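Asks: Starting off with a structure, shown below.
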Amino acid sequence: MEQKATESKPVIVSGIQPSGQLALGNYVGAMKNWVKLQADYFGIYIVVDLHAITVRQNPAELRQRALSFAAQYIAAGIDPEKNIIFMQSHVPQHSELAWILNCNTYMGELNRMTQFKDKSTKHEDNINSGLYTYPSLMAADILLYQADLVPVGHDQKQHLELTRTLAQRFNHYYSPTFKVPEPYIAASGARIMSLQDPTKKMSKSDDNPNNYIALLDEPSVILKKIKRAVTDSGTSVTYDAKNRPGLANLLTIYSVLGEMAIDDVITQYDGKGFGVLKEDLGNLIVNYLTPFQRKYKELMSEKNYLESILKESAAKAQHIAQRTLSKVHRKVGFVQFK
Ligand code: ATP
Ligand code: LTN
């Protein structure tokens with residue numbers, strides 16, 4: 001009964017790859033919005049481990065990290081009683097639908113994906129076909145649940161557009177089957193930049209940990225990383241993402257976490273020098289993350305609880321996903337027995 005009530009709400013689907021360490025970019029661009037939207041939506045939050053192995057992962061670390069990410073989703077404020085949180089590999093329907101979608105995805109479309117191009121340059125020794133067909137698997141994650149909304153950072157916009165195209169193509173060629181999802185990309189904070197090179201996005205698998213704030217970084221580490229963040233040598237505080245990207249990035253983080261308009265942050269710090277801004281921002285982040293880190297530690301010491309959430313969620317997810325997959329099998333023309 002409980003499940004029916006939640007499912008009657010519009011549906012959100014989102015996921016993060018268990019690679020690297022969850023970082024402030026992921027939180028501001030994605031997770032913060034998951035928490036904000038959960039009152040009005042039924043949330044399906046996936047630890048996308050199938051996606052993570054498109055890049056080489058150490059198996060023991062992957063296993064530990066996937067559990068840690070699930071605990072961090074909950075610690076960030078996702079209520080596991082009202083939403084579902086699970087491992088992508090625990091719901092085989094994702095891989096199954098991905099295959100069918102692959103047979104409806106053109107190579108020309110995949111060739112245009114900038115994430116594929118970026119990751120191929122970064123991992124030249126392992127340009128595998130999973131990396132190439134990654135967007136069809138992502139589309140499967142979303143379309144299986146008939147998602148209404150997909151809250152992601154700006155870098156996922158292109159994948160979301162392809163997901164919409166694939167849904168429309170399938171619906172048109174066969175008959176209406178998938179809901180065509182809308183992206184939810186916040187106006188501010190959808191693209192948090194690297195602290196040392198503010199012309200590229202903050203990435204949780206960056207080789208240099210000074211480029212990102214990990215959500216589990218110790219307070220002293222957070223303060224140090226913000227203090228060392230690259231800004232220009234000016235003293236006036238202005239928001240100019242093109243010419244002063246480092247400063248603009250710090251102002252954005254301040255504005256989103258402090259829930260203040262950027263203009264108000266500027267008024268507060270203009271003329272005070274970047275040192276004061278950085279010190280206050282460092283403290284703001286530390287204070288913001290302290291309750292999150294406390295909750296995370298509690299959850300990681302209750303492994304049985306975490307495991308029960310993941311198992312129950314995966315069972316619910318399989319049930320919903322199978323409804324869509326059976327429909328797809330029928331439309332495509334696969335033999336089905338009653
Ligand atoms: P990796 O470096 O391991 O490839 P990533 O940091 O790019 O990872 P993903 O797992 O690809 O993270 O993304 C998870 C979510 O976080 C997505 O919704 C993505 O758009 C969002 N995201 C990632 N980086 C940023 C960022 N710098 N600013 C805002 N949102 C981000
Ligand atoms: N491709 C996304 C992660 C992802 C995702 C999803 C996001 C996989 N499946 C479904 C939203 C919905 C990325 O951030 N690299």
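Just remember, in the structure tokens the first chain shown is A, the second B, etc., residues are 1-based per chain, and ligands are 1-based in the order shown.
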Please write out the residues within 7 Å of ligand 1 as a PDB file with N, CA and C atoms, in the first residue's frame, counting only C-alpha atoms and all ligand atoms.
Replies:
ATOM      1  N   GLY A  15      21.461   9.317 -10.718  1.00  0.00           N
ATOM      2  CA  GLY A  15      22.496   8.374 -10.304  1.00  0.00           C
ATOM      3  C   GLY A  15      23.870   9.009 -10.339  1.00  0.00           C
ATOM      4  N   ILE A  16      24.759   8.401  -9.568  1.00  0.00           N
ATOM      5  CA  ILE A  16      26.162   8.851  -9.562  1.00  0.00           C
ATOM      6  C   ILE A  16      27.051   7.618  -9.657  1.00  0.00           C
ATOM      7  N   GLN A  17      28.110   7.721 -10.421  1.00  0.00           N
ATOM      8  CA  GLN A  17      29.023   6.592 -10.572  1.00  0.00           C
ATOM      9  C   GLN A  17      29.915   6.462  -9.346  1.00  0.00           C
ATOM     10  N   PRO A  18      30.029   5.246  -8.788  1.00  0.00           N
ATOM     11  CA  PRO A  18      30.951   5.078  -7.665  1.00  0.00           C
ATOM     12  C   PRO A  18      32.404   5.021  -8.141  1.00  0.00           C
ATOM     13  N   SER A  19      32.881   6.181  -8.553  1.00  0.00           N
ATOM     14  CA  SER A  19      34.292   6.317  -8.943  1.00  0.00           C
ATOM     15  C   SER A  19      34.801   7.525  -8.162  1.00  0.00           C
ATOM     16  N   GLY A  20      36.056   7.516  -7.774  1.00  0.00           N
ATOM     17  CA  GLY A  20      36.623   8.653  -7.035  1.00  0.00           C
ATOM     18  C   GLY A  20      35.944   8.857  -5.689  1.00  0.00           C
ATOM     19  N   ALA A  23      32.132  14.507  -4.344  1.00  0.00           N
ATOM     20  CA  ALA A  23      32.715  15.834  -4.191  1.00  0.00           C
ATOM     21  C   ALA A  23      31.636  16.904  -4.153  1.00  0.00           C
ATOM     22  N   GLY A  25      31.045  19.266  -6.101  1.00  0.00           N
ATOM     23  CA  GLY A  25      30.396  19.448  -7.405  1.00  0.00           C
ATOM     24  C   GLY A  25      29.188  18.526  -7.537  1.00  0.00           C
ATOM     25  N   ASN A  26      29.351  17.271  -7.138  1.00  0.00           N
ATOM     26  CA  ASN A  26      28.248  16.311  -7.220  1.00  0.00           C
ATOM     27  C   ASN A  26      27.118  16.715  -6.278  1.00  0.00           C
ATOM     28  N   TYR A  27      27.509  17.210  -5.116  1.00  0.00           N
ATOM     29  CA  TYR A  27      26.491  17.597  -4.137  1.00  0.00           C
ATOM     30  C   TYR A  27      25.690  18.799  -4.642  1.00  0.00           C
ATOM     31  N   VAL A  28      26.409  19.833  -5.020  1.00  0.00           N
ATOM     32  CA  VAL A  28      25.727  21.076  -5.426  1.00  0.00           C
ATOM     33  C   VAL A  28      24.962  20.867  -6.739  1.00  0.00           C
ATOM     34  N   GLY A  29      25.588  20.153  -7.686  1.00  0.00           N
ATOM     35  CA  GLY A  29      24.963  19.971  -8.996  1.00  0.00           C
ATOM     36  C   GLY A  29      23.819  18.977  -8.987  1.00  0.00           C
ATOM     37  N   ALA A  30      23.907  17.957  -8.132  1.00  0.00           N
ATOM     38  CA  ALA A  30      22.897  16.903  -8.186  1.00  0.00           C
ATOM     39  C   ALA A  30      22.227  16.639  -6.835  1.00  0.00           C
ATOM     40  N   PRO A 151      17.242  15.184 -12.180  1.00  0.00           N
ATOM     41  CA  PRO A 151      18.109  16.261 -11.680  1.00  0.00           C
ATOM     42  C   PRO A 151      19.581  15.888 -11.818  1.00  0.00           C
ATOM     43  N   VAL A 152      20.295  16.634 -12.625  1.00  0.00           N
ATOM     44  CA  VAL A 152      21.719  16.379 -12.885  1.00  0.00           C
ATOM     45  C   VAL A 152      22.463  17.705 -13.037  1.00  0.00           C
ATOM     46  N   GLY A 153      23.793  17.601 -13.076  1.00  0.00           N
ATOM     47  CA  GLY A 153      24.609  18.776 -13.354  1.00  0.00           C
ATOM     48  C   GLY A 153      24.626  19.056 -14.853  1.00  0.00           C
ATOM     49  N   HIS A 154      25.181  20.192 -15.205  1.00  0.00           N
ATOM     50  CA  HIS A 154      25.156  20.648 -16.593  1.00  0.00           C
ATOM     51  C   HIS A 154      25.846  19.672 -17.553  1.00  0.00           C
ATOM     52  N   ASP A 155      26.890  18.989 -17.076  1.00  0.00           N
ATOM     53  CA  ASP A 155      27.644  18.087 -17.964  1.00  0.00           C
ATOM     54  C   ASP A 155      26.796  16.924 -18.488  1.00  0.00           C
ATOM     55  N   GLN A 156      25.647  16.664 -17.869  1.00  0.00           N
ATOM     56  CA  GLN A 156      24.819  15.539 -18.309  1.00  0.00           C
ATOM     57  C   GLN A 156      23.709  15.936 -19.276  1.00  0.00           C
ATOM     58  N   GLY A 189      24.969  26.642  -9.820  1.00  0.00           N
ATOM     59  CA  GLY A 189      25.623  25.496  -9.187  1.00  0.00           C
ATOM     60  C   GLY A 189      25.635  24.236 -10.027  1.00  0.00           C
ATOM     61  N   ALA A 190      25.112  24.297 -11.268  1.00  0.00           N
ATOM     62  CA  ALA A 190      25.075  23.087 -12.088  1.00  0.00           C
ATOM     63  C   ALA A 190      26.441  22.772 -12.700  1.00  0.00           C
ATOM     64  N   ARG A 191      27.371  23.704 -12.533  1.00  0.00           N
ATOM     65  CA  ARG A 191      28.717  23.453 -13.056  1.00  0.00           C
ATOM     66  C   ARG A 191      29.728  24.084 -12.096  1.00  0.00           C
ATOM     67  N   ILE A 192      30.088  23.319 -11.068  1.00  0.00           N
ATOM     68  CA  ILE A 192      31.097  23.774 -10.111  1.00  0.00           C
ATOM     69  C   ILE A 192      32.469  23.462 -10.732  1.00  0.00           C
ATOM     70  N   MET A 193      33.383  24.410 -10.618  1.00  0.00           N
ATOM     71  CA  MET A 193      34.658  24.258 -11.315  1.00  0.00           C
ATOM     72  C   MET A 193      35.764  23.737 -10.387  1.00  0.00           C
ATOM     73  N   LYS A 201      35.699  21.459 -15.125  1.00  0.00           N
ATOM     74  CA  LYS A 201      34.732  21.184 -14.052  1.00  0.00           C
ATOM     75  C   LYS A 201      35.364  20.393 -12.909  1.00  0.00           C
ATOM     76  N   MET A 202      34.847  20.620 -11.714  1.00  0.00           N
ATOM     77  CA  MET A 202      35.301  19.832 -10.571  1.00  0.00           C
ATOM     78  C   MET A 202      34.867  18.393 -10.822  1.00  0.00           C
ATOM     79  N   SER A 203      35.816  17.470 -10.684  1.00  0.00           N
ATOM     80  CA  SER A 203      35.501  16.083 -10.998  1.00  0.00           C
ATOM     81  C   SER A 203      35.992  15.192  -9.854  1.00  0.00           C
ATOM     82  N   LYS A 204      35.114  14.275  -9.430  1.00  0.00           N
ATOM     83  CA  LYS A 204      35.447  13.483  -8.251  1.00  0.00           C
ATOM     84  C   LYS A 204      36.546  12.448  -8.481  1.00  0.00           C
ATOM     85  N   SER A 205      36.874  12.177  -9.764  1.00  0.00           N
ATOM     86  CA  SER A 205      37.972  11.229 -10.030  1.00  0.00           C
ATOM     87  C   SER A 205      39.237  11.961 -10.450  1.00  0.00           C
ATOM     88  N   ASP A 206      39.318  13.232 -10.154  1.00  0.00           N
ATOM     89  CA  ASP A 206      40.511  13.991 -10.546  1.00  0.00           C
ATOM     90  C   ASP A 206      41.744  13.418  -9.840  1.00  0.00           C
TER      91      ASP A 206
END
Asks: For ligand 2, return the neighbouring residues as a PyMOL selection string (distance at most 9 Å; only C-alpha atoms and all ligand atoms).
Replies: chain A and resi 12-17+26+30+45-52+88+115+134-135+137-142+150-153+155-156+159-160
Asks: If you run DSSP on this backbone, which residues of range 144-216 of chain A come out as helix (DSSP H, G or I), and could you give them as an NGL selection string?
Replies: :A and (154-173 or 209-211)
Asks: Which residues come within 12 Å of range 273-283 of chain A, counting only C-alpha atoms, excluding same-chain residues fewer than 4 positions away, as a ChimeraX atom specification?
Replies: /A:195,213,217-238,246-258,265-269,287-290
Asks: In Å, how far is it from CA of Tyr239 in chain A to CA of Pro198 in chain A?
Replies: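 Calculated distance between CA of Tyr239 in chain A and CA of Pro198 in chain A is 13.5 Å.
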Asks: If you count only C-alpha atoms, which residues fall within 12 Å of Ser326 in chain A, apart from same-chain ones fewer than 4 positions away, as a PDB file with all heavy atoms, in the first residue's frame?
Replies:
ATOM      1  N   GLN A  93      17.381  -5.553 -15.047  1.00  0.00           N
ATOM      2  CA  GLN A  93      16.587  -4.931 -16.125  1.00  0.00           C
ATOM      3  C   GLN A  93      17.339  -3.759 -16.774  1.00  0.00           C
ATOM      4  O   GLN A  93      17.097  -3.439 -17.933  1.00  0.00           O
ATOM      5  CB  GLN A  93      15.238  -4.442 -15.561  1.00  0.00           C
ATOM      6  CG  GLN A  93      14.232  -5.544 -15.250  1.00  0.00           C
ATOM      7  CD  GLN A  93      14.411  -6.192 -13.872  1.00  0.00           C
ATOM      8  OE1 GLN A  93      15.371  -5.912 -13.152  1.00  0.00           O
ATOM      9  NE2 GLN A  93      13.498  -7.078 -13.507  1.00  0.00           N
ATOM     10  N   GLU A  96      19.430  -5.173 -19.496  1.00  0.00           N
ATOM     11  CA  GLU A  96      18.585  -5.743 -20.552  1.00  0.00           C
ATOM     12  C   GLU A  96      17.981  -4.657 -21.433  1.00  0.00           C
ATOM     13  O   GLU A  96      18.002  -4.744 -22.661  1.00  0.00           O
ATOM     14  CB  GLU A  96      17.468  -6.592 -19.928  1.00  0.00           C
ATOM     15  CG  GLU A  96      18.004  -7.803 -19.182  1.00  0.00           C
ATOM     16  CD  GLU A  96      16.877  -8.601 -18.531  1.00  0.00           C
ATOM     17  OE1 GLU A  96      15.801  -8.745 -19.135  1.00  0.00           O
ATOM     18  OE2 GLU A  96      17.072  -9.072 -17.403  1.00  0.00           O
ATOM     19  N   LEU A  97      17.453  -3.613 -20.808  1.00  0.00           N
ATOM     20  CA  LEU A  97      16.870  -2.547 -21.614  1.00  0.00           C
ATOM     21  C   LEU A  97      17.962  -1.811 -22.392  1.00  0.00           C
ATOM     22  O   LEU A  97      17.745  -1.373 -23.530  1.00  0.00           O
ATOM     23  CB  LEU A  97      16.068  -1.562 -20.747  1.00  0.00           C
ATOM     24  CG  LEU A  97      15.420  -0.423 -21.544  1.00  0.00           C
ATOM     25  CD1 LEU A  97      14.420  -0.952 -22.576  1.00  0.00           C
ATOM     26  CD2 LEU A  97      14.707   0.576 -20.624  1.00  0.00           C
ATOM     27  N   LEU A 144      13.291   3.091 -17.713  1.00  0.00           N
ATOM     28  CA  LEU A 144      12.677   1.943 -17.027  1.00  0.00           C
ATOM     29  C   LEU A 144      11.652   2.377 -15.991  1.00  0.00           C
ATOM     30  O   LEU A 144      10.685   1.672 -15.722  1.00  0.00           O
ATOM     31  CB  LEU A 144      13.754   1.154 -16.258  1.00  0.00           C
ATOM     32  CG  LEU A 144      14.516   0.059 -16.976  1.00  0.00           C
ATOM     33  CD1 LEU A 144      15.571  -0.504 -16.038  1.00  0.00           C
ATOM     34  CD2 LEU A 144      13.594  -1.059 -17.459  1.00  0.00           C
ATOM     35  N   THR A 177       5.405   4.071 -25.266  1.00  0.00           N
ATOM     36  CA  THR A 177       5.899   3.112 -24.273  1.00  0.00           C
ATOM     37  C   THR A 177       6.584   3.837 -23.118  1.00  0.00           C
ATOM     38  O   THR A 177       6.391   3.514 -21.950  1.00  0.00           O
ATOM     39  CB  THR A 177       6.935   2.162 -24.945  1.00  0.00           C
ATOM     40  OG1 THR A 177       6.334   1.600 -26.113  1.00  0.00           O
ATOM     41  CG2 THR A 177       7.405   1.055 -24.010  1.00  0.00           C
ATOM     42  N   GLN A 318      13.201  -3.581  -9.022  1.00  0.00           N
ATOM     43  CA  GLN A 318      13.022  -4.667 -10.006  1.00  0.00           C
ATOM     44  C   GLN A 318      11.555  -4.782 -10.424  1.00  0.00           C
ATOM     45  O   GLN A 318      11.241  -4.980 -11.589  1.00  0.00           O
ATOM     46  CB  GLN A 318      13.455  -5.999  -9.403  1.00  0.00           C
ATOM     47  CG  GLN A 318      14.959  -6.151  -9.308  1.00  0.00           C
ATOM     48  CD  GLN A 318      15.350  -7.507  -8.719  1.00  0.00           C
ATOM     49  OE1 GLN A 318      14.571  -8.447  -8.739  1.00  0.00           O
ATOM     50  NE2 GLN A 318      16.561  -7.579  -8.203  1.00  0.00           N
ATOM     51  N   HIS A 319      10.700  -4.634  -9.437  1.00  0.00           N
ATOM     52  CA  HIS A 319       9.258  -4.756  -9.701  1.00  0.00           C
ATOM     53  C   HIS A 319       8.806  -3.663 -10.686  1.00  0.00           C
ATOM     54  O   HIS A 319       8.128  -3.952 -11.675  1.00  0.00           O
ATOM     55  CB  HIS A 319       8.527  -4.647  -8.359  1.00  0.00           C
ATOM     56  CG  HIS A 319       7.054  -4.763  -8.496  1.00  0.00           C
ATOM     57  ND1 HIS A 319       6.428  -5.966  -8.690  1.00  0.00           N
ATOM     58  CD2 HIS A 319       6.093  -3.811  -8.483  1.00  0.00           C
ATOM     59  CE1 HIS A 319       5.131  -5.753  -8.795  1.00  0.00           C
ATOM     60  NE2 HIS A 319       4.907  -4.450  -8.673  1.00  0.00           N
ATOM     61  N   ILE A 320       9.210  -2.432 -10.414  1.00  0.00           N
ATOM     62  CA  ILE A 320       8.789  -1.325 -11.301  1.00  0.00           C
ATOM     63  C   ILE A 320       9.438  -1.488 -12.677  1.00  0.00           C
ATOM     64  O   ILE A 320       8.795  -1.342 -13.713  1.00  0.00           O
ATOM     65  CB  ILE A 320       9.199   0.062 -10.715  1.00  0.00           C
ATOM     66  CG1 ILE A 320       8.710   0.216  -9.272  1.00  0.00           C
ATOM     67  CG2 ILE A 320       8.689   1.203 -11.583  1.00  0.00           C
ATOM     68  CD1 ILE A 320       9.269   1.445  -8.554  1.00  0.00           C
ATOM     69  N   ALA A 321      10.723  -1.812 -12.670  1.00  0.00           N
ATOM     70  CA  ALA A 321      11.471  -1.901 -13.923  1.00  0.00           C
ATOM     71  C   ALA A 321      10.927  -3.014 -14.818  1.00  0.00           C
ATOM     72  O   ALA A 321      10.856  -2.866 -16.039  1.00  0.00           O
ATOM     73  CB  ALA A 321      12.957  -2.142 -13.621  1.00  0.00           C
ATOM     74  N   GLN A 322      10.528  -4.124 -14.180  1.00  0.00           N
ATOM     75  CA  GLN A 322      10.051  -5.257 -14.985  1.00  0.00           C
ATOM     76  C   GLN A 322       8.755  -4.919 -15.726  1.00  0.00           C
ATOM     77  O   GLN A 322       8.533  -5.401 -16.832  1.00  0.00           O
ATOM     78  CB  GLN A 322       9.882  -6.503 -14.097  1.00  0.00           C
ATOM     79  CG  GLN A 322       9.606  -7.784 -14.878  1.00  0.00           C
ATOM     80  CD  GLN A 322      10.666  -8.066 -15.959  1.00  0.00           C
ATOM     81  OE1 GLN A 322      11.871  -7.950 -15.718  1.00  0.00           O
ATOM     82  NE2 GLN A 322      10.222  -8.410 -17.172  1.00  0.00           N
ATOM     83  N   ARG A 330       7.236  -6.962 -25.406  1.00  0.00           N
ATOM     84  CA  ARG A 330       6.035  -7.197 -26.209  1.00  0.00           C
ATOM     85  C   ARG A 330       6.058  -6.331 -27.470  1.00  0.00           C
ATOM     86  O   ARG A 330       5.827  -6.795 -28.579  1.00  0.00           O
ATOM     87  CB  ARG A 330       4.805  -6.888 -25.352  1.00  0.00           C
ATOM     88  CG  ARG A 330       3.518  -7.467 -25.910  1.00  0.00           C
ATOM     89  CD  ARG A 330       2.391  -7.370 -24.929  1.00  0.00           C
ATOM     90  NE  ARG A 330       2.072  -5.978 -24.749  1.00  0.00           N
ATOM     91  CZ  ARG A 330       2.015  -5.268 -23.633  1.00  0.00           C
ATOM     92  NH1 ARG A 330       2.170  -5.736 -22.636  1.00  0.00           N
ATOM     93  NH2 ARG A 330       1.762  -4.024 -23.527  1.00  0.00           N
ATOM     94  N   LYS A 331       6.408  -5.058 -27.282  1.00  0.00           N
ATOM     95  CA  LYS A 331       6.413  -4.130 -28.426  1.00  0.00           C
ATOM     96  C   LYS A 331       7.423  -4.546 -29.489  1.00  0.00           C
ATOM     97  O   LYS A 331       7.184  -4.438 -30.681  1.00  0.00           O
ATOM     98  CB  LYS A 331       6.772  -2.709 -27.967  1.00  0.00           C
ATOM     99  CG  LYS A 331       5.882  -2.121 -26.903  1.00  0.00           C
ATOM    100  CD  LYS A 331       4.605  -1.572 -27.492  1.00  0.00           C
ATOM    101  CE  LYS A 331       3.662  -1.089 -26.415  1.00  0.00           C
ATOM    102  NZ  LYS A 331       3.683   0.330 -26.177  1.00  0.00           N
ATOM    103  N   VAL A 332       8.596  -5.008 -29.021  1.00  0.00           N
ATOM    104  CA  VAL A 332       9.678  -5.338 -29.944  1.00  0.00           C
ATOM    105  C   VAL A 332       9.352  -6.622 -30.716  1.00  0.00           C
ATOM    106  O   VAL A 332       9.834  -6.814 -31.834  1.00  0.00           O
ATOM    107  CB  VAL A 332      11.001  -5.480 -29.156  1.00  0.00           C
ATOM    108  CG1 VAL A 332      12.108  -6.062 -29.990  1.00  0.00           C
ATOM    109  CG2 VAL A 332      11.426  -4.127 -28.614  1.00  0.00           C
ATOM    110  N   GLY A 333       8.528  -7.475 -30.086  1.00  0.00           N
ATOM    111  CA  GLY A 333       8.152  -8.708 -30.782  1.00  0.00           C
ATOM    112  C   GLY A 333       8.808  -9.958 -30.226  1.00  0.00           C
ATOM    113  O   GLY A 333       8.915 -10.966 -30.919  1.00  0.00           O
ATOM    114  N   PHE A 334       9.261  -9.913 -28.966  1.00  0.00           N
ATOM    115  CA  PHE A 334       9.818 -11.105 -28.349  1.00  0.00           C
ATOM    116  C   PHE A 334       8.681 -12.013 -27.884  1.00  0.00           C
ATOM    117  O   PHE A 334       7.644 -11.509 -27.427  1.00  0.00           O
ATOM    118  CB  PHE A 334      10.693 -10.746 -27.135  1.00  0.00           C
ATOM    119  CG  PHE A 334      11.963  -9.990 -27.490  1.00  0.00           C
ATOM    120  CD1 PHE A 334      12.673  -9.295 -26.513  1.00  0.00           C
ATOM    121  CD2 PHE A 334      12.463  -9.979 -28.783  1.00  0.00           C
ATOM    122  CE1 PHE A 334      13.838  -8.603 -26.827  1.00  0.00           C
ATOM    123  CE2 PHE A 334      13.630  -9.287 -29.107  1.00  0.00           C
ATOM    124  CZ  PHE A 334      14.319  -8.598 -28.121  1.00  0.00           C
ATOM    125  N   VAL A 335       8.921 -13.316 -27.982  1.00  0.00           N
ATOM    126  CA  VAL A 335       7.893 -14.270 -27.539  1.00  0.00           C
ATOM    127  C   VAL A 335       7.745 -14.183 -26.022  1.00  0.00           C
ATOM    128  O   VAL A 335       8.734 -14.143 -25.296  1.00  0.00           O
ATOM    129  CB  VAL A 335       8.278 -15.715 -27.948  1.00  0.00           C
ATOM    130  CG1 VAL A 335       7.317 -16.740 -27.344  1.00  0.00           C
ATOM    131  CG2 VAL A 335       8.312 -15.837 -29.468  1.00  0.00           C
ATOM    132  N   GLN A 336       6.510 -14.110 -25.559  1.00  0.00           N
ATOM    133  CA  GLN A 336       6.265 -14.071 -24.110  1.00  0.00           C
ATOM    134  C   GLN A 336       5.212 -15.111 -23.781  1.00  0.00           C
ATOM    135  O   GLN A 336       4.226 -15.238 -24.503  1.00  0.00           O
ATOM    136  CB  GLN A 336       5.742 -12.684 -23.691  1.00  0.00           C
ATOM    137  CG  GLN A 336       6.807 -11.612 -23.684  1.00  0.00           C
ATOM    138  CD  GLN A 336       6.235 -10.240 -23.327  1.00  0.00           C
ATOM    139  OE1 GLN A 336       5.237  -9.820 -23.907  1.00  0.00           O
ATOM    140  NE2 GLN A 336       6.860  -9.566 -22.401  1.00  0.00           N
ATOM    141  N   PHE A 337       5.379 -15.842 -22.684  1.00  0.00           N
ATOM    142  CA  PHE A 337       4.360 -16.795 -22.238  1.00  0.00           C
ATOM    143  C   PHE A 337       3.651 -16.230 -21.039  1.00  0.00           C
ATOM    144  O   PHE A 337       4.269 -15.540 -20.234  1.00  0.00           O
ATOM    145  CB  PHE A 337       5.010 -18.136 -21.894  1.00  0.00           C
ATOM    146  CG  PHE A 337       5.675 -18.796 -23.091  1.00  0.00           C
ATOM    147  CD1 PHE A 337       7.020 -19.128 -23.062  1.00  0.00           C
ATOM    148  CD2 PHE A 337       4.937 -19.057 -24.252  1.00  0.00           C
ATOM    149  CE1 PHE A 337       7.633 -19.723 -24.148  1.00  0.00           C
ATOM    150  CE2 PHE A 337       5.558 -19.646 -25.352  1.00  0.00           C
ATOM    151  CZ  PHE A 337       6.906 -19.978 -25.306  1.00  0.00           C
ATOM    152  N   LYS A 338       2.396 -16.539 -20.891  1.00  0.00           N
ATOM    153  CA  LYS A 338       1.605 -16.049 -19.734  1.00  0.00           C
ATOM    154  C   LYS A 338       2.124 -16.679 -18.466  1.00  0.00           C
ATOM    155  O   LYS A 338       2.457 -17.846 -18.430  1.00  0.00           O
ATOM    156  CB  LYS A 338       0.137 -16.412 -19.935  1.00  0.00           C
ATOM    157  CG  LYS A 338      -0.540 -15.485 -20.944  1.00  0.00           C
ATOM    158  CD  LYS A 338      -1.486 -14.506 -20.237  1.00  0.00           C
ATOM    159  CE  LYS A 338      -1.821 -13.332 -21.110  1.00  0.00           C
ATOM    160  NZ  LYS A 338      -2.887 -13.575 -22.052  1.00  0.00           N
TER     161      LYS A 338
END
Asks: Please report the interatomic distance between CA of Arg112 in chain A and CA of Ile127 in chain A in Å with one decimal.
Replies: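 A separation of 15.3 Å between them.
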Asks: From the list A:Gly130, A:Pro183, A:Pro245, A:Gly77, which residue is nearest Pro291 in chain A when using only C-alpha atoms?
Replies: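 Under the stated criterion, the closest residue is A:Gly77.
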Asks: For Leu110 in chain A, please output as JSON, numbers by chain all residues within 7 Å (counting only C-alpha atoms; exclusion window: fewer than 3 positions along the same chain).
Replies: {"A": [106, 107, 113, 132, 133]}
Asks: Mind listing the strand (DSSP E or B) residues of range 113-332 of chain A, per DSSP on the backbone, as a PyMOL selection string?
Replies: chain A and resi 149-151+182-184+193+201+214
Asks: Please produce a file of those selected residues containing N, CA, C and O atoms, as a PDB file, in the first residue's frame.
Replies:
ATOM      1  N   LEU A 149      11.327  13.549 -14.147  1.00  0.00           N
ATOM      2  CA  LEU A 149      12.359  14.571 -13.983  1.00  0.00           C
ATOM      3  C   LEU A 149      13.698  13.915 -13.654  1.00  0.00           C
ATOM      4  O   LEU A 149      13.751  12.944 -12.899  1.00  0.00           O
ATOM      5  N   VAL A 150      14.775  14.479 -14.223  1.00  0.00           N
ATOM      6  CA  VAL A 150      16.104  13.929 -13.955  1.00  0.00           C
ATOM      7  C   VAL A 150      17.028  15.069 -13.493  1.00  0.00           C
ATOM      8  O   VAL A 150      17.515  15.846 -14.306  1.00  0.00           O
ATOM      9  N   PRO A 151      17.242  15.184 -12.180  1.00  0.00           N
ATOM     10  CA  PRO A 151      18.109  16.261 -11.680  1.00  0.00           C
ATOM     11  C   PRO A 151      19.581  15.888 -11.818  1.00  0.00           C
ATOM     12  O   PRO A 151      20.046  14.921 -11.203  1.00  0.00           O
ATOM     13  N   GLU A 182      12.064  15.095 -18.398  1.00  0.00           N
ATOM     14  CA  GLU A 182      12.594  16.470 -18.449  1.00  0.00           C
ATOM     15  C   GLU A 182      13.868  16.529 -17.612  1.00  0.00           C
ATOM     16  O   GLU A 182      13.912  15.963 -16.519  1.00  0.00           O
ATOM     17  N   PRO A 183      14.865  17.252 -18.098  1.00  0.00           N
ATOM     18  CA  PRO A 183      16.045  17.450 -17.233  1.00  0.00           C
ATOM     19  C   PRO A 183      15.746  18.487 -16.158  1.00  0.00           C
ATOM     20  O   PRO A 183      14.890  19.360 -16.369  1.00  0.00           O
ATOM     21  N   TYR A 184      16.396  18.383 -15.017  1.00  0.00           N
ATOM     22  CA  TYR A 184      16.330  19.442 -14.002  1.00  0.00           C
ATOM     23  C   TYR A 184      17.772  19.867 -13.745  1.00  0.00           C
ATOM     24  O   TYR A 184      18.537  19.160 -13.087  1.00  0.00           O
ATOM     25  N   MET A 193      33.383  24.410 -10.618  1.00  0.00           N
ATOM     26  CA  MET A 193      34.658  24.258 -11.315  1.00  0.00           C
ATOM     27  C   MET A 193      35.764  23.737 -10.387  1.00  0.00           C
ATOM     28  O   MET A 193      35.661  23.818  -9.158  1.00  0.00           O
ATOM     29  N   LYS A 201      35.699  21.459 -15.125  1.00  0.00           N
ATOM     30  CA  LYS A 201      34.732  21.184 -14.052  1.00  0.00           C
ATOM     31  C   LYS A 201      35.364  20.393 -12.909  1.00  0.00           C
ATOM     32  O   LYS A 201      36.303  19.622 -13.124  1.00  0.00           O
ATOM     33  N   ALA A 214      36.169  16.847  -1.196  1.00  0.00           N
ATOM     34  CA  ALA A 214      35.391  15.617  -1.026  1.00  0.00           C
ATOM     35  C   ALA A 214      34.414  15.858   0.122  1.00  0.00           C
ATOM     36  O   ALA A 214      34.743  16.544   1.088  1.00  0.00           O
TER      37      ALA A 214
END
Asks: Which distance in Å separates CA of Tyr41 in chain A and CA of Ala71 in chain A, to one decimal?
Replies: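 These two atoms are separated by 20.5 Å.
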Asks: From the list A:Ile84, A:Gln168, A:Met31, A:Pro10, which residue is nearest Ser308 in chain A when using only C-alpha atoms?
Replies: A:Ile84
Asks: May I ask which of the residues A:Thr324, A:Ser89, A:Asn208, A:Asn171 is the closest one to Arg63 in chain A, counting only C-alpha atoms?
Replies: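 Nearest to Arg63 in chain A: A:Ser89.
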